[in-house]
Amino acid sequence: MLKIENLHATVTDSDEVILKGIDLEVSPGEVHAIMGPNGSGKSTLANVLMGKPSYTVSEGDITVDGESIVEMMPDERAHLGLFLAMQYPSEVPGVRPWQFLKAAKDAIDDANGQKKTSVRQFSKLFDEKVEEIGINLDLIKRSLNEGFSGGEKKRNEMLQMQVLDPRIAIMDETDSGLDIDALQAVADGVNKMRSPERSFVIVTHYQRLLHFVHPDIVHVLVDGKIVETGDASLAEKVEQNGYRDYLAAQRNGK
Amino acid sequence: MTLNVAVMPKNTARHLARYRDDWHHLAEHQEGYMSGADAHHELRRAAWEEFERIGFPVHRRGNELWKYTDLRQVDRIDFRFGDWDRHVDLARIAELVPMPEEWSNLVFVNGSLEHSSGDAPLTRIQACDWVGELADYRSNGFVALATAFLRIRGGSYLQFDRPREYVRPVHIIHVIDGSVGGPIVDNPRVAVEMGDGSRATLIESHVSLTDDVHMTLPVVEIKMGEGAELSHYRYQDNSEKSFHFATTRVLQEANSNYRSTSFSVGSDIGRNDVFTHLVGEYAESTLHGVYLTTNRQHQDNEISTTHAAPHCTSDQYYKGVLSGRSRAVFSGKITVERGAQKTDANQKDLNLLLSHGAEVDTKPSLEIYADDVKCAHGATAGHVDEDTLFYLQSRGVDYHTAQAMLIRGFAAEILSEFEDNELHAFLENQLDELMPALQAASDTIGTA
């Protein structure tokens, strides 16, 4: 489904290389966790997958079902079924969550040759999800993410993810800065969405979220490269030992 | 007695002789003029003499009030004052501005009242004995010229008294029909008297029937009695070849509440000069507006409030969206006089620049002579945020749609203050119609 080959990426308009040759294959139904210390490039990887313009792919390829997406705009990637739950979702003044999400869903449906969801049908879906995720109704009337707390922003990301129903959901440090209730809400959302057709790439520093969402495969990313891959037990190992062994190995390697 | 004042060497108006001819012609032909039946002939003459003395503020050096707005092209045009023929086509006017039945609609075409509906408490400006009291023609070439040509017929004098609750918004529509030949000047004059405790909504629209060069010099004077409340909405969409120099002067007694919200998209050079004078305690003055410019338009906002009494509140908040090679000016002034303690004054000007060629000049100025006051001001000019665009695009909306959403969202805060549903829907639509032009001239972000 999603295949990453020898991916190198730099900060746009600079020589700063952040991803230094990543290979990764995500099959339908799999949940991959990408763990790594600060500055290892894991957030960059999440953003590069979604096509953030502040990064440039300098080498390698990313394909979805065999089709390269490297040259695609972020919206085209969304049409293919990619979704990125952001670490720091932007505040968007004057844009209402409902209106925005409806426009986004319409754009995706339109690109896939599907009929627009009717306002009534969409409202029903929206209201259901809002309640399920436990989003404060007052927030929904405000501007998108404006004045939302960290937890509220993350819940709103979950709302968007559930409504847009992606095939490949990438989550960038969604668990950071969340209290236990919000973390539980995020995890419930992900677990409910797990299916044989959908894959997840969960980028995280700590194992916290992985207590609630059990990954099939765990990768450790250090200095722009995947240095170890294993099953869920690898996450536990990382939690016990931290990243110091990896960082030491990296230093010795140089 | 000398009717012809000696030509002052300092006058800068290139076509002064032409204006003089027009003025004398008007003076001789206006019915009642010089007969004593004309309440304003002294004012008109004094204003003319002032214009003869000073002309237009075209000087570039030491001209602080017009520092960022170059008027030389205005001065080069041979504008004409006069009583023009008018083709009044209400259906066409209704395409340019909303005219719902629930409003009192007053339609002026080239200065003359051609249609009215509703129950606006309107009389001619002739009946107002305080015209010019608030809008001082001295040292102000545009006000001087507008006042010198004050009409005997026409103009609007609105008196809102307390016993009645004016639920119908009064909509004054100033239409310019430039097809009558030559670049014409219109000088619509409005005097509003808000009686103690009165409440009203005033909508002031400026539109052009044709895409001609013309000049509009609106002068609006508003007296706010004690506890009076006025919502004043302003819509300026004159022809993109036109010049619009508007002057609004407001005097506020105790506990009065004046709210001005403006939407400016039209004209080649536009200037919105608003001054509120808070002379009674606990008066509130809210001056908000949004301006949207593209191509080579120039929009100048000269916004000023003087706190002359304690416990007053003022809030200046303007937002600009600039594209192409357009320019905007925000010159916000707050003066707190000695004794105006417990003043709470805010000033903010935020700009969204859609192109590298667009430019905004912001000039905040605070003069505070009292010691127990709260004053805050801020100004920003920035491009559409790249991360925010990415965020929206990552959800599936394309670049153009995302950018339009952000522009609309930026303007929405001020647009939402147009509380009348009909007006709000109309302005949202105007913004949507303007969007392709704003976006076409945008070059700031390429996320490819």
# chains A, B, ... in the order shown; residues from 1 in each chain; ligands from 1
>>> interface_residues(of="chain B", to="chain A", cutoff="12 Å", atoms="only C-alpha atoms", output="ChimeraX atom specification")
/B:384-416,445-448
>>> residues_around(residues="Tyr19 (chain B)", least_positions_apart="2", cutoff="12 Å", atoms="only C-alpha atoms", output="PDB file with N, CA, C and O atoms, in the first residue's frame")
ATOM      1  N   ALA B  13      -4.279  74.072  -6.598  1.00  0.00           N
ATOM      2  CA  ALA B  13      -5.210  73.403  -7.500  1.00  0.00           C
ATOM      3  C   ALA B  13      -4.945  73.846  -8.936  1.00  0.00           C
ATOM      4  O   ALA B  13      -5.063  75.014  -9.276  1.00  0.00           O
ATOM      5  N   ARG B  14      -4.578  72.904  -9.767  1.00  0.00           N
ATOM      6  CA  ARG B  14      -4.233  73.198 -11.147  1.00  0.00           C
ATOM      7  C   ARG B  14      -5.410  73.788 -11.905  1.00  0.00           C
ATOM      8  O   ARG B  14      -5.248  74.691 -12.724  1.00  0.00           O
ATOM      9  N   HIS B  15      -6.589  73.258 -11.625  1.00  0.00           N
ATOM     10  CA  HIS B  15      -7.770  73.717 -12.362  1.00  0.00           C
ATOM     11  C   HIS B  15      -8.628  74.651 -11.528  1.00  0.00           C
ATOM     12  O   HIS B  15      -9.843  74.644 -11.620  1.00  0.00           O
ATOM     13  N   LEU B  16      -7.949  75.461 -10.729  1.00  0.00           N
ATOM     14  CA  LEU B  16      -8.676  76.359  -9.835  1.00  0.00           C
ATOM     15  C   LEU B  16      -9.663  77.249 -10.587  1.00  0.00           C
ATOM     16  O   LEU B  16     -10.799  77.438 -10.162  1.00  0.00           O
ATOM     17  N   ALA B  17      -9.234  77.747 -11.740  1.00  0.00           N
ATOM     18  CA  ALA B  17     -10.084  78.669 -12.496  1.00  0.00           C
ATOM     19  C   ALA B  17     -11.392  77.965 -12.886  1.00  0.00           C
ATOM     20  O   ALA B  17     -12.468  78.562 -12.858  1.00  0.00           O
ATOM     21  N   ASP B  21     -15.134  78.971 -11.871  1.00  0.00           N
ATOM     22  CA  ASP B  21     -16.250  79.185 -12.805  1.00  0.00           C
ATOM     23  C   ASP B  21     -17.490  78.409 -12.348  1.00  0.00           C
ATOM     24  O   ASP B  21     -18.592  78.926 -12.339  1.00  0.00           O
ATOM     25  N   ASP B  22     -17.228  77.148 -12.021  1.00  0.00           N
ATOM     26  CA  ASP B  22     -18.346  76.308 -11.580  1.00  0.00           C
ATOM     27  C   ASP B  22     -19.002  76.891 -10.330  1.00  0.00           C
ATOM     28  O   ASP B  22     -20.213  76.884 -10.178  1.00  0.00           O
ATOM     29  N   TRP B  23     -18.135  77.368  -9.448  1.00  0.00           N
ATOM     30  CA  TRP B  23     -18.662  77.883  -8.184  1.00  0.00           C
ATOM     31  C   TRP B  23     -19.532  79.117  -8.412  1.00  0.00           C
ATOM     32  O   TRP B  23     -20.627  79.216  -7.880  1.00  0.00           O
ATOM     33  N   HIS B  24     -19.034  80.000  -9.247  1.00  0.00           N
ATOM     34  CA  HIS B  24     -19.816  81.216  -9.515  1.00  0.00           C
ATOM     35  C   HIS B  24     -21.102  80.869 -10.252  1.00  0.00           C
ATOM     36  O   HIS B  24     -22.152  81.442  -9.994  1.00  0.00           O
ATOM     37  N   HIS B  25     -20.988  79.932 -11.149  1.00  0.00           N
ATOM     38  CA  HIS B  25     -22.158  79.522 -11.902  1.00  0.00           C
ATOM     39  C   HIS B  25     -23.227  78.988 -10.959  1.00  0.00           C
ATOM     40  O   HIS B  25     -24.400  79.334 -11.024  1.00  0.00           O
ATOM     41  N   LEU B  26     -22.791  78.134 -10.045  1.00  0.00           N
ATOM     42  CA  LEU B  26     -23.697  77.548  -9.074  1.00  0.00           C
ATOM     43  C   LEU B  26     -24.284  78.643  -8.181  1.00  0.00           C
ATOM     44  O   LEU B  26     -25.483  78.678  -7.913  1.00  0.00           O
ATOM     45  N   ALA B  27     -23.396  79.543  -7.770  1.00  0.00           N
ATOM     46  CA  ALA B  27     -23.831  80.614  -6.882  1.00  0.00           C
ATOM     47  C   ALA B  27     -24.917  81.455  -7.556  1.00  0.00           C
ATOM     48  O   ALA B  27     -25.889  81.852  -6.924  1.00  0.00           O
ATOM     49  N   TRP B  48     -15.415  78.312   0.119  1.00  0.00           N
ATOM     50  CA  TRP B  48     -14.802  78.555  -1.193  1.00  0.00           C
ATOM     51  C   TRP B  48     -13.509  79.363  -1.054  1.00  0.00           C
ATOM     52  O   TRP B  48     -12.487  79.064  -1.666  1.00  0.00           O
ATOM     53  N   GLU B  49     -13.585  80.375  -0.205  1.00  0.00           N
ATOM     54  CA  GLU B  49     -12.387  81.207  -0.010  1.00  0.00           C
ATOM     55  C   GLU B  49     -11.247  80.376   0.555  1.00  0.00           C
ATOM     56  O   GLU B  49     -10.089  80.539   0.184  1.00  0.00           O
ATOM     57  N   PHE B  51     -10.850  77.168   0.029  1.00  0.00           N
ATOM     58  CA  PHE B  51     -10.329  76.329  -1.047  1.00  0.00           C
ATOM     59  C   PHE B  51      -9.452  77.146  -1.990  1.00  0.00           C
ATOM     60  O   PHE B  51      -8.415  76.681  -2.464  1.00  0.00           O
ATOM     61  N   GLU B  52      -9.879  78.372  -2.248  1.00  0.00           N
ATOM     62  CA  GLU B  52      -9.052  79.242  -3.113  1.00  0.00           C
ATOM     63  C   GLU B  52      -7.682  79.451  -2.477  1.00  0.00           C
ATOM     64  O   GLU B  52      -6.682  79.576  -3.163  1.00  0.00           O
ATOM     65  N   GLY B  55      -6.353  75.004  -1.850  1.00  0.00           N
ATOM     66  CA  GLY B  55      -6.399  73.981  -2.903  1.00  0.00           C
ATOM     67  C   GLY B  55      -6.314  72.578  -2.337  1.00  0.00           C
ATOM     68  O   GLY B  55      -6.671  72.336  -1.192  1.00  0.00           O
ATOM     69  N   PHE B  56      -5.828  71.662  -3.162  1.00  0.00           N
ATOM     70  CA  PHE B  56      -5.693  70.266  -2.717  1.00  0.00           C
ATOM     71  C   PHE B  56      -4.363  70.061  -1.994  1.00  0.00           C
ATOM     72  O   PHE B  56      -3.365  70.708  -2.329  1.00  0.00           O
ATOM     73  N   ASP B  75      -5.311  66.018  -9.014  1.00  0.00           N
ATOM     74  CA  ASP B  75      -5.238  67.438  -9.328  1.00  0.00           C
ATOM     75  C   ASP B  75      -5.135  67.691 -10.837  1.00  0.00           C
ATOM     76  O   ASP B  75      -5.525  68.735 -11.332  1.00  0.00           O
ATOM     77  N   ILE B  77      -6.744  66.172 -13.134  1.00  0.00           N
ATOM     78  CA  ILE B  77      -8.001  65.950 -13.863  1.00  0.00           C
ATOM     79  C   ILE B  77      -8.908  67.172 -13.749  1.00  0.00           C
ATOM     80  O   ILE B  77      -9.032  67.788 -12.697  1.00  0.00           O
ATOM     81  N   ASP B  78      -9.532  67.487 -14.870  1.00  0.00           N
ATOM     82  CA  ASP B  78     -10.383  68.669 -14.950  1.00  0.00           C
ATOM     83  C   ASP B  78     -11.814  68.296 -14.526  1.00  0.00           C
ATOM     84  O   ASP B  78     -12.685  68.069 -15.356  1.00  0.00           O
ATOM     85  N   PHE B  79     -12.010  68.184 -13.223  1.00  0.00           N
ATOM     86  CA  PHE B  79     -13.321  67.788 -12.720  1.00  0.00           C
ATOM     87  C   PHE B  79     -14.335  68.911 -12.823  1.00  0.00           C
ATOM     88  O   PHE B  79     -13.981  70.093 -12.792  1.00  0.00           O
ATOM     89  N   ARG B  80     -15.595  68.544 -12.934  1.00  0.00           N
ATOM     90  CA  ARG B  80     -16.654  69.546 -13.019  1.00  0.00           C
ATOM     91  C   ARG B  80     -17.735  69.323 -11.965  1.00  0.00           C
ATOM     92  O   ARG B  80     -18.154  68.203 -11.717  1.00  0.00           O
ATOM     93  N   PHE B  81     -18.144  70.422 -11.371  1.00  0.00           N
ATOM     94  CA  PHE B  81     -19.329  70.410 -10.518  1.00  0.00           C
ATOM     95  C   PHE B  81     -20.510  70.855 -11.344  1.00  0.00           C
ATOM     96  O   PHE B  81     -20.364  71.629 -12.287  1.00  0.00           O
ATOM     97  N   GLY B  82     -21.692  70.435 -10.969  1.00  0.00           N
ATOM     98  CA  GLY B  82     -22.861  70.947 -11.673  1.00  0.00           C
ATOM     99  C   GLY B  82     -24.101  70.157 -11.351  1.00  0.00           C
ATOM    100  O   GLY B  82     -24.075  69.209 -10.583  1.00  0.00           O
ATOM    101  N   LEU B 145     -13.779  72.212  -0.457  1.00  0.00           N
ATOM    102  CA  LEU B 145     -14.393  72.148  -1.784  1.00  0.00           C
ATOM    103  C   LEU B 145     -15.817  71.602  -1.692  1.00  0.00           C
ATOM    104  O   LEU B 145     -16.746  72.133  -2.301  1.00  0.00           O
ATOM    105  N   ALA B 146     -15.967  70.523  -0.905  1.00  0.00           N
ATOM    106  CA  ALA B 146     -17.295  69.916  -0.753  1.00  0.00           C
ATOM    107  C   ALA B 146     -18.267  70.922  -0.134  1.00  0.00           C
ATOM    108  O   ALA B 146     -19.431  71.004  -0.532  1.00  0.00           O
ATOM    109  N   ALA B 148     -17.995  74.265  -0.168  1.00  0.00           N
ATOM    110  CA  ALA B 148     -18.202  75.400  -1.069  1.00  0.00           C
ATOM    111  C   ALA B 148     -19.320  75.106  -2.068  1.00  0.00           C
ATOM    112  O   ALA B 148     -20.033  76.001  -2.489  1.00  0.00           O
ATOM    113  N   PHE B 149     -19.454  73.832  -2.419  1.00  0.00           N
ATOM    114  CA  PHE B 149     -20.475  73.447  -3.394  1.00  0.00           C
ATOM    115  C   PHE B 149     -21.696  72.808  -2.745  1.00  0.00           C
ATOM    116  O   PHE B 149     -22.457  72.102  -3.402  1.00  0.00           O
ATOM    117  N   ILE B 184     -17.001  64.092 -13.367  1.00  0.00           N
ATOM    118  CA  ILE B 184     -17.812  64.922 -12.485  1.00  0.00           C
ATOM    119  C   ILE B 184     -17.452  64.702 -11.016  1.00  0.00           C
ATOM    120  O   ILE B 184     -16.838  63.706 -10.651  1.00  0.00           O
ATOM    121  N   VAL B 185     -17.828  65.680 -10.232  1.00  0.00           N
ATOM    122  CA  VAL B 185     -17.626  65.594  -8.788  1.00  0.00           C
ATOM    123  C   VAL B 185     -18.994  65.529  -8.125  1.00  0.00           C
ATOM    124  O   VAL B 185     -19.896  66.259  -8.498  1.00  0.00           O
TER     125      VAL B 185
END
>>> select_by_dssp(residues="region 120-265 of chain B", states="strand (DSSP E)", output="ChimeraX atom specification")
/B:122-123,156-160,170-176,185-186,189-194,199-208,215-216,219-224,229-237,243-252,257-264
>>> select_by_dssp(residues="region 222-402 of chain B", states="helix (DSSP H, G or I)", output="number ranges by chain")
B: 386-393, 399-402
>>> write_last_selection(atoms="N, CA, C and O atoms", output="PDB file, in the first residue's frame")
ATOM      1  N   GLU B 386       2.052  29.804   5.568  1.00  0.00           N
ATOM      2  CA  GLU B 386       2.304  28.620   4.762  1.00  0.00           C
ATOM      3  C   GLU B 386       1.881  27.333   5.480  1.00  0.00           C
ATOM      4  O   GLU B 386       1.336  26.418   4.875  1.00  0.00           O
ATOM      5  N   ASP B 387       2.122  27.304   6.791  1.00  0.00           N
ATOM      6  CA  ASP B 387       1.735  26.115   7.555  1.00  0.00           C
ATOM      7  C   ASP B 387       0.221  25.930   7.563  1.00  0.00           C
ATOM      8  O   ASP B 387      -0.282  24.807   7.501  1.00  0.00           O
ATOM      9  N   THR B 388      -0.472  27.056   7.656  1.00  0.00           N
ATOM     10  CA  THR B 388      -1.938  26.975   7.675  1.00  0.00           C
ATOM     11  C   THR B 388      -2.463  26.496   6.326  1.00  0.00           C
ATOM     12  O   THR B 388      -3.373  25.670   6.253  1.00  0.00           O
ATOM     13  N   LEU B 389      -1.846  27.012   5.267  1.00  0.00           N
ATOM     14  CA  LEU B 389      -2.232  26.546   3.931  1.00  0.00           C
ATOM     15  C   LEU B 389      -2.004  25.039   3.795  1.00  0.00           C
ATOM     16  O   LEU B 389      -2.844  24.313   3.277  1.00  0.00           O
ATOM     17  N   PHE B 390      -0.848  24.600   4.273  1.00  0.00           N
ATOM     18  CA  PHE B 390      -0.532  23.171   4.224  1.00  0.00           C
ATOM     19  C   PHE B 390      -1.560  22.373   5.014  1.00  0.00           C
ATOM     20  O   PHE B 390      -2.038  21.322   4.571  1.00  0.00           O
ATOM     21  N   TYR B 391      -1.910  22.904   6.164  1.00  0.00           N
ATOM     22  CA  TYR B 391      -2.890  22.228   7.021  1.00  0.00           C
ATOM     23  C   TYR B 391      -4.211  22.027   6.262  1.00  0.00           C
ATOM     24  O   TYR B 391      -4.758  20.921   6.213  1.00  0.00           O
ATOM     25  N   LEU B 392      -4.691  23.104   5.641  1.00  0.00           N
ATOM     26  CA  LEU B 392      -5.959  23.002   4.919  1.00  0.00           C
ATOM     27  C   LEU B 392      -5.822  22.076   3.706  1.00  0.00           C
ATOM     28  O   LEU B 392      -6.676  21.246   3.441  1.00  0.00           O
ATOM     29  N   GLN B 393      -4.712  22.225   2.990  1.00  0.00           N
ATOM     30  CA  GLN B 393      -4.516  21.390   1.802  1.00  0.00           C
ATOM     31  C   GLN B 393      -4.417  19.909   2.166  1.00  0.00           C
ATOM     32  O   GLN B 393      -4.865  19.048   1.425  1.00  0.00           O
ATOM     33  N   TYR B 399      -5.077  24.352  -3.308  1.00  0.00           N
ATOM     34  CA  TYR B 399      -4.402  25.591  -2.911  1.00  0.00           C
ATOM     35  C   TYR B 399      -5.293  26.816  -3.046  1.00  0.00           C
ATOM     36  O   TYR B 399      -5.403  27.628  -2.125  1.00  0.00           O
ATOM     37  N   HIS B 400      -5.965  26.930  -4.186  1.00  0.00           N
ATOM     38  CA  HIS B 400      -6.798  28.108  -4.428  1.00  0.00           C
ATOM     39  C   HIS B 400      -7.949  28.207  -3.441  1.00  0.00           C
ATOM     40  O   HIS B 400      -8.242  29.273  -2.913  1.00  0.00           O
ATOM     41  N   THR B 401      -8.582  27.074  -3.219  1.00  0.00           N
ATOM     42  CA  THR B 401      -9.706  27.047  -2.286  1.00  0.00           C
ATOM     43  C   THR B 401      -9.231  27.356  -0.876  1.00  0.00           C
ATOM     44  O   THR B 401      -9.876  28.100  -0.131  1.00  0.00           O
ATOM     45  N   ALA B 402      -8.084  26.785  -0.521  1.00  0.00           N
ATOM     46  CA  ALA B 402      -7.550  27.012   0.821  1.00  0.00           C
ATOM     47  C   ALA B 402      -7.204  28.487   1.017  1.00  0.00           C
ATOM     48  O   ALA B 402      -7.523  29.091   2.047  1.00  0.00           O
TER      49      ALA B 402
END
>>> residues_around(residues="Phe126 (chain A)", least_positions_apart="5", cutoff="10 Å", atoms="only C-alpha atoms", output="number ranges by chain")
A: 97-98, 101-102, 120-121, 131-132, 159-160, 162-163
>>> write_last_selection(atoms="N, CA, C and O atoms", output="PDB file, in the first residue's frame")
ATOM      1  N   PRO A  97     -15.120  24.841  11.897  1.00  0.00           N
ATOM      2  CA  PRO A  97     -14.785  23.419  11.757  1.00  0.00           C
ATOM      3  C   PRO A  97     -15.757  22.649  10.851  1.00  0.00           C
ATOM      4  O   PRO A  97     -15.323  21.875  10.007  1.00  0.00           O
ATOM      5  N   TRP A  98     -17.037  22.906  11.026  1.00  0.00           N
ATOM      6  CA  TRP A  98     -18.025  22.165  10.230  1.00  0.00           C
ATOM      7  C   TRP A  98     -17.851  22.476   8.739  1.00  0.00           C
ATOM      8  O   TRP A  98     -17.724  21.575   7.908  1.00  0.00           O
ATOM      9  N   LEU A 101     -14.597  21.090   7.270  1.00  0.00           N
ATOM     10  CA  LEU A 101     -14.563  19.640   7.103  1.00  0.00           C
ATOM     11  C   LEU A 101     -15.497  19.191   5.972  1.00  0.00           C
ATOM     12  O   LEU A 101     -15.181  18.251   5.234  1.00  0.00           O
ATOM     13  N   LYS A 102     -16.603  19.891   5.850  1.00  0.00           N
ATOM     14  CA  LYS A 102     -17.525  19.571   4.746  1.00  0.00           C
ATOM     15  C   LYS A 102     -16.825  19.844   3.410  1.00  0.00           C
ATOM     16  O   LYS A 102     -16.881  19.023   2.487  1.00  0.00           O
ATOM     17  N   ARG A 120     -27.417  17.226   5.348  1.00  0.00           N
ATOM     18  CA  ARG A 120     -28.056  16.527   6.460  1.00  0.00           C
ATOM     19  C   ARG A 120     -27.252  15.285   6.873  1.00  0.00           C
ATOM     20  O   ARG A 120     -26.992  15.058   8.045  1.00  0.00           O
ATOM     21  N   GLN A 121     -26.855  14.531   5.863  1.00  0.00           N
ATOM     22  CA  GLN A 121     -26.078  13.322   6.114  1.00  0.00           C
ATOM     23  C   GLN A 121     -24.747  13.664   6.782  1.00  0.00           C
ATOM     24  O   GLN A 121     -24.321  12.998   7.725  1.00  0.00           O
ATOM     25  N   GLU A 131     -19.653  13.846  19.358  1.00  0.00           N
ATOM     26  CA  GLU A 131     -20.064  13.302  20.649  1.00  0.00           C
ATOM     27  C   GLU A 131     -19.160  12.143  21.066  1.00  0.00           C
ATOM     28  O   GLU A 131     -18.714  12.064  22.202  1.00  0.00           O
ATOM     29  N   GLU A 132     -18.890  11.277  20.098  1.00  0.00           N
ATOM     30  CA  GLU A 132     -18.066  10.113  20.363  1.00  0.00           C
ATOM     31  C   GLU A 132     -16.683  10.503  20.887  1.00  0.00           C
ATOM     32  O   GLU A 132     -16.175   9.924  21.840  1.00  0.00           O
ATOM     33  N   LEU A 159     -11.329  14.067  15.094  1.00  0.00           N
ATOM     34  CA  LEU A 159     -12.627  14.284  14.442  1.00  0.00           C
ATOM     35  C   LEU A 159     -12.448  14.314  12.924  1.00  0.00           C
ATOM     36  O   LEU A 159     -13.162  13.639  12.170  1.00  0.00           O
ATOM     37  N   GLN A 160     -11.449  15.100  12.475  1.00  0.00           N
ATOM     38  CA  GLN A 160     -11.202  15.207  11.036  1.00  0.00           C
ATOM     39  C   GLN A 160     -10.829  13.851  10.451  1.00  0.00           C
ATOM     40  O   GLN A 160     -11.290  13.465   9.377  1.00  0.00           O
ATOM     41  N   GLN A 162     -11.587  10.882  11.534  1.00  0.00           N
ATOM     42  CA  GLN A 162     -12.708   9.936  11.465  1.00  0.00           C
ATOM     43  C   GLN A 162     -13.705  10.311  10.384  1.00  0.00           C
ATOM     44  O   GLN A 162     -14.255   9.445   9.720  1.00  0.00           O
ATOM     45  N   VAL A 163     -13.922  11.605  10.227  1.00  0.00           N
ATOM     46  CA  VAL A 163     -14.892  12.019   9.204  1.00  0.00           C
ATOM     47  C   VAL A 163     -14.335  11.797   7.797  1.00  0.00           C
ATOM     48  O   VAL A 163     -15.035  11.349   6.900  1.00  0.00           O
TER      49      VAL A 163
END
>>> atom_distance(atom1="CA of Thr69 (chain B)", atom2="CA of Val213 (chain B)")
18.0 Å
>>> residues_around(residues="Leu247 (chain A)", least_positions_apart="2", cutoff="10 Å", atoms="only C-alpha atoms", output="PyMOL selection string")
chain A and resi 36-37+40+222-223+242-245+249-253
>>> residues_around(residues="Tyr137 (chain B)", least_positions_apart="2", cutoff="10 Å", atoms="only C-alpha atoms", output="JSON, numbers by chain")
{"B": [43, 44, 46, 47, 48, 50, 51, 132, 133, 134, 135, 139, 140, 141, 142, 143, 144, 145, 146, 147, 148]}
>>> write_last_selection(atoms="N, CA, C and O atoms", output="short mmCIF file (atom, residue, chain, number, x, y, z; two decimals), in the first residue's frame")
data_model
loop_
_atom_site.label_atom_id
_atom_site.label_comp_id
_atom_site.auth_asym_id
_atom_site.auth_seq_id
_atom_site.Cartn_x
_atom_site.Cartn_y
_atom_site.Cartn_z
N LEU B 43 -21.50 80.10 4.83
CA LEU B 43 -20.63 78.93 5.01
C LEU B 43 -19.99 78.54 3.67
O LEU B 43 -18.78 78.30 3.56
N ARG B 44 -20.85 78.56 2.64
CA ARG B 44 -20.38 78.15 1.32
C ARG B 44 -19.30 79.10 0.81
O ARG B 44 -18.26 78.68 0.29
N ALA B 46 -17.38 81.09 2.62
CA ALA B 46 -16.16 80.98 3.44
C ALA B 46 -15.36 79.74 3.04
O ALA B 46 -14.13 79.76 2.96
N ALA B 47 -16.09 78.67 2.77
CA ALA B 47 -15.40 77.42 2.38
C ALA B 47 -14.72 77.59 1.03
O ALA B 47 -13.61 77.12 0.81
N TRP B 48 -15.42 78.31 0.12
CA TRP B 48 -14.80 78.55 -1.19
C TRP B 48 -13.51 79.36 -1.05
O TRP B 48 -12.49 79.06 -1.67
N GLU B 50 -11.59 79.43 1.42
CA GLU B 50 -10.56 78.57 1.98
C GLU B 50 -9.97 77.67 0.89
O GLU B 50 -8.76 77.49 0.80
N PHE B 51 -10.85 77.17 0.03
CA PHE B 51 -10.33 76.33 -1.05
C PHE B 51 -9.45 77.15 -1.99
O PHE B 51 -8.41 76.68 -2.46
N GLY B 132 -21.40 71.93 8.99
CA GLY B 132 -20.06 72.51 9.02
C GLY B 132 -19.50 72.69 10.42
O GLY B 132 -18.32 72.99 10.59
N GLU B 133 -20.34 72.47 11.43
CA GLU B 133 -19.85 72.62 12.79
C GLU B 133 -18.82 71.55 13.14
O GLU B 133 -17.87 71.80 13.86
N LEU B 134 -19.06 70.35 12.66
CA LEU B 134 -18.16 69.25 12.99
C LEU B 134 -17.10 69.03 11.92
O LEU B 134 -15.96 68.69 12.22
N ALA B 135 -17.48 69.20 10.67
CA ALA B 135 -16.52 68.99 9.58
C ALA B 135 -15.92 70.34 9.20
O ALA B 135 -16.50 71.10 8.43
N SER B 139 -8.24 74.42 6.52
CA SER B 139 -7.05 73.59 6.33
C SER B 139 -7.35 72.21 5.75
O SER B 139 -6.55 71.30 5.86
N ASN B 140 -8.53 72.03 5.19
CA ASN B 140 -8.85 70.73 4.60
C ASN B 140 -9.46 70.98 3.21
O ASN B 140 -10.62 71.32 3.07
N GLY B 141 -8.63 70.82 2.19
CA GLY B 141 -9.03 71.17 0.83
C GLY B 141 -10.28 70.45 0.36
O GLY B 141 -11.13 71.04 -0.32
N PHE B 142 -10.39 69.16 0.70
CA PHE B 142 -11.54 68.39 0.21
C PHE B 142 -12.83 68.82 0.91
O PHE B 142 -13.87 68.96 0.28
N VAL B 143 -12.75 69.01 2.23
CA VAL B 143 -13.95 69.46 2.95
C VAL B 143 -14.31 70.87 2.50
O VAL B 143 -15.48 71.20 2.32
N ALA B 144 -13.29 71.70 2.27
CA ALA B 144 -13.54 73.07 1.81
C ALA B 144 -14.27 73.05 0.46
O ALA B 144 -15.28 73.73 0.28
N LEU B 145 -13.78 72.21 -0.46
CA LEU B 145 -14.39 72.15 -1.78
C LEU B 145 -15.82 71.60 -1.69
O LEU B 145 -16.75 72.13 -2.30
N ALA B 146 -15.97 70.52 -0.91
CA ALA B 146 -17.30 69.92 -0.75
C ALA B 146 -18.27 70.92 -0.13
O ALA B 146 -19.43 71.00 -0.53
N THR B 147 -17.79 71.70 0.82
CA THR B 147 -18.67 72.64 1.51
C THR B 147 -18.97 73.85 0.62
O THR B 147 -20.08 74.38 0.63
N ALA B 148 -17.99 74.26 -0.17
CA ALA B 148 -18.20 75.40 -1.07
C ALA B 148 -19.32 75.11 -2.07
O ALA B 148 -20.03 76.00 -2.49
#
>>> closest_residue(among="B:Ser285, B:Asn238, B:Asn272, B:Asn421", to="Glu102 (chain B)", atoms="only C-alpha atoms")
B:Asn421
>>> residues_around(residues="His205 (chain A)", least_positions_apart="4", cutoff="9 Å", atoms="only C-alpha atoms", output="list in words")
Ile34, Met35, Gly36, Pro37, Asn38, Lys42, Glu173, Asp175 and Ser176 of chain A
>>> write_last_selection(atoms="C-alpha atoms", output="compact mmCIF listing (two decimals), in the first residue's frame")
# COMPACT_ATOMS: atom_id res chain seq x y z
CA ILE A 34 7.87 5.08 14.49
CA MET A 35 9.77 5.93 17.61
CA GLY A 36 12.83 8.02 18.03
CA PRO A 37 14.58 10.63 20.10
CA ASN A 38 14.08 14.34 19.58
CA LYS A 42 10.29 11.31 12.76
CA GLU A 173 3.05 12.92 18.08
CA ASP A 175 -0.06 11.77 22.19
CA SER A 176 2.24 14.61 23.22
